[in-house]
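A.B. asks: Before we start, here is the structure in question, set down as structure tokens.
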Amino acid sequence: MAQTMFEPVYKDIFPFWNEISAGVQAYICRHSVAMTYLKGTTIHDGSECSGVFFIRSGCLRVYMMSEKGKDITLYRLYPGDMCMLSASCVIQAITFDVMIDAEEDSECYVISGPAFASVSKDNPKIKIFSLETAVSRFSDVMWVMQQILFMGMDQRLAIFLSDESKRTGSDVIPLTHEQIAKYMGSAREVVTRMLKYFAGEGIVEVSRKGVKILDKKRLRELAL
């Protein structure tokens, strides 16, 4: 039953799938579960090796939390994405904790961390895939750090709005000021002040529905 459910998906997403034995394939499928997480649920708190997440639907937010309770969004995961940072037992070099929340009602396939770590030890192709997946996410993390450390708030907000518009294919960003601040690792008051400035310049229009981009050219110029 498990193999029938998971194997067609894993065959598409894992480049190593056809190069491992049928026994290893079956083992990975047996140690996989289909999970549904309600919006707002914390699905990984950094305290254990939760496993490898593959997102089927919805959206997950990966972030770090300071001792004082301030969090920084590292990246978000959408359908088709995979998270390896939640499986620290697979990649021993991961020495920091991340947390993962469901931003929307989400469906995921979760492979047991210890099980995936076990097969990766004996299968270099699985280990290489795990490292490459983690490295791609570290690039996202470094981009976030670069923005926070070296860019002004106007440039960061312009980049965020441009990226969201490109991702959704819409000029309307249906997010609250608090949500935008959370994703950017800033304060709501700062985001509100900057959006007010953008609105005054005719770049955006702010309403209860969210933020509507009016001048894409000006926004792109600010993002550079």
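Simple scheme: letters A, B, ... for chains in structure tokens order, numbers from 1 for residues in each chain, numbers from 1 for ligands in the order shown.
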Could you name the residues that touch Glu164 (chain A) at 12 Å or less, counting only C-alpha atoms, but leaving out those on the same chain fewer than 6 positions away, as a PyMOL selection string?
C.D. replies: chain A and resi 76+157-158+170-175+180+183-184+211-213
A.B. asks: Could you check which of A:Leu131, A:Leu85, A:Met153, A:Ile126 is closest to Val190 (chain A), using only C-alpha atoms?
C.D. replies: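 Nearest candidate to Val190 (chain A) out of A:Leu131, A:Leu85, A:Met153, A:Ile126: A:Met153.
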A.B. asks: If we count only C-alpha atoms and set the cut-off at 10 Å, which residues sit around Pro15 (chain A), ignoring sequence neighbours fewer than 4 positions away in its own chain? Please answer as a list in words.
C.D. replies: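 In the requested format, the answer is Tyr10, Lys11, Glu19, Lys125, Ile126 and Phe129 of chain A.
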A.B. asks: Would you list the contacts of Val52 (chain A) as a short mmCIF file (atom, residue, chain, number, x, y, z; two decimals) with C-alpha atoms, in the first residue's frame, taking every protein, DNA or RNA residue within 12 Å and counting only C-alpha atoms, but skipping same-chain residues closer than 2 positions in sequence?
C.D. replies:
```cif
data_model
loop_
_atom_site.label_atom_id
_atom_site.label_comp_id
_atom_site.auth_asym_id
_atom_site.auth_seq_id
_atom_site.Cartn_x
_atom_site.Cartn_y
_atom_site.Cartn_z
CA ILE A 28 11.97 4.45 1.97
CA HIS A 31 9.08 4.81 6.35
CA SER A 32 7.04 7.52 4.65
CA VAL A 33 3.75 8.98 5.83
CA ALA A 34 1.23 11.33 4.25
CA ILE A 43 5.41 20.95 12.42
CA HIS A 44 9.09 21.13 13.35
CA CYS A 49 15.14 15.03 13.45
CA SER A 50 11.60 15.31 12.09
CA PHE A 54 7.99 17.04 0.44
CA ILE A 55 5.18 19.56 -0.01
CA ASP A 81 9.53 21.83 -2.81
CA MET A 82 11.50 19.72 -0.36
CA CYS A 83 13.06 20.54 3.01
CA MET A 84 16.22 18.82 4.24
CA LEU A 85 17.01 21.23 7.10
CA SER A 86 14.36 19.48 9.19
CA ALA A 87 16.42 16.28 8.99
CA SER A 88 19.61 17.15 10.86
CA CYS A 89 20.33 13.44 11.37
CA VAL A 90 20.76 13.10 7.60
CA ILE A 91 23.25 15.95 7.22
CA CYS A 108 3.09 16.69 2.84
CA TYR A 109 4.90 13.43 2.38
CA VAL A 110 7.34 12.96 5.27
CA ILE A 111 10.19 10.46 5.15
CA SER A 112 11.54 9.40 8.54
CA GLY A 113 14.83 11.20 9.23
CA PRO A 114 16.62 8.19 10.76
CA ALA A 115 15.42 5.95 7.89
CA PHE A 116 16.61 8.40 5.23
CA ALA A 117 19.92 8.82 7.07
CA SER A 130 20.69 15.50 0.22
CA THR A 133 19.24 20.09 -1.77
CA ALA A 134 20.53 21.57 1.49
#
```
A.B. asks: DSSP on the backbone, strand (DSSP E) only: what residues of region 32-181 of chain A does that give? Format it as a ChimeraX atom specification.
C.D. replies: /A:32-37,42-44,52-57,60-65,71-77,82-83,99-102,106-111,172-173
A.B. asks: Find the residue from A:Ser165, A:Leu214, A:Leu38, A:Thr4 that sits nearest to Gly200 (chain A); use only C-alpha atoms when measuring.
C.D. replies: A:Leu214
A.B. asks: Rounded to one decimal in Å, what is the spacing between CA of Leu77 (chain A) and CA of Gln147 (chain A)?
C.D. replies: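 Here the two named atoms are 19.3 Å from each other.
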A.B. asks: CA of Gly152 (chain A) and CA of Ser186 (chain A) are how many Å apart?
C.D. replies: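 If I compute the distance from CA of Gly152 (chain A) to CA of Ser186 (chain A), I get 11.6 Å.
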A.B. asks: Extract the full set of helix (DSSP H, G or I) residues from region 72-210 of chain A according to DSSP on the backbone, and format it as a compact mmCIF listing (two decimals) with C-alpha atoms, in the first residue's frame.
C.D. replies:
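Output file states_17.txt is given in full below:
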```
# COMPACT_ATOMS: atom_id res chain seq x y z
CA GLY A 113 14.83 11.20 9.23
CA PRO A 114 16.62 8.19 10.76
CA ALA A 115 15.42 5.95 7.89
CA PHE A 116 16.61 8.40 5.23
CA ALA A 117 19.92 8.82 7.07
CA SER A 118 20.34 5.05 7.16
CA VAL A 119 19.95 4.55 3.41
CA SER A 120 22.08 7.60 2.59
CA LYS A 121 25.06 6.11 4.44
CA ASP A 122 25.21 3.20 2.01
CA PRO A 124 26.39 7.95 -2.18
CA LYS A 125 23.84 9.18 -4.75
CA ILE A 126 21.27 9.73 -1.98
CA LYS A 127 23.87 11.51 0.14
CA ILE A 128 24.86 13.76 -2.75
CA PHE A 129 21.21 14.60 -3.45
CA SER A 130 20.69 15.50 0.22
CA LEU A 131 23.72 17.79 0.25
CA GLU A 132 22.78 19.48 -3.02
CA THR A 133 19.24 20.09 -1.77
CA ALA A 134 20.53 21.57 1.49
CA VAL A 135 23.09 23.76 -0.32
CA SER A 136 20.38 25.22 -2.55
CA ARG A 137 18.47 26.26 0.56
CA PHE A 138 21.58 27.72 2.16
CA SER A 139 21.76 30.02 -0.86
CA ASP A 140 18.26 31.25 0.02
CA VAL A 141 19.35 31.77 3.62
CA MET A 142 22.42 33.76 2.59
CA TRP A 143 20.26 35.96 0.34
CA VAL A 144 18.04 36.74 3.33
CA MET A 145 21.09 37.56 5.48
CA GLN A 146 22.50 39.77 2.73
CA GLN A 147 19.28 41.78 2.56
CA ILE A 148 19.06 42.21 6.33
CA LEU A 149 22.70 43.20 6.76
CA PHE A 150 23.43 45.29 3.69
CA MET A 153 14.32 48.88 4.07
CA ASP A 154 13.04 50.48 0.87
CA GLN A 155 15.12 48.13 -1.29
CA ARG A 156 14.17 45.06 0.78
CA LEU A 157 10.47 45.86 0.57
CA ALA A 158 10.70 46.49 -3.17
CA ILE A 159 12.43 43.12 -3.65
CA PHE A 160 9.82 41.36 -1.52
CA LEU A 161 6.84 42.86 -3.37
CA SER A 162 8.43 42.21 -6.77
CA ASP A 163 9.19 38.58 -5.87
CA GLU A 164 5.67 37.98 -4.53
CA SER A 165 4.09 39.49 -7.63
CA LYS A 166 6.26 37.33 -9.87
CA ARG A 167 5.54 34.19 -7.84
CA THR A 168 1.76 34.63 -7.81
CA HIS A 177 1.51 44.46 7.07
CA GLU A 178 2.21 42.05 9.92
CA GLN A 179 2.63 39.10 7.53
CA ILE A 180 4.97 41.08 5.29
CA ALA A 181 7.01 42.11 8.33
CA LYS A 182 7.21 38.50 9.48
CA TYR A 183 8.45 37.30 6.11
CA MET A 184 11.00 40.10 5.92
CA ARG A 188 5.15 45.86 11.41
CA GLU A 189 5.51 49.57 12.15
CA VAL A 190 8.53 49.80 9.84
CA VAL A 191 6.71 48.02 7.01
CA THR A 192 3.63 50.22 7.46
CA ARG A 193 5.75 53.37 7.32
CA MET A 194 7.57 52.24 4.17
CA LEU A 195 4.34 51.17 2.45
CA LYS A 196 2.89 54.59 3.25
CA TYR A 197 5.92 56.15 1.57
CA PHE A 198 5.54 53.87 -1.49
CA ALA A 199 1.85 54.78 -1.68
CA GLY A 200 2.66 58.48 -1.49
```
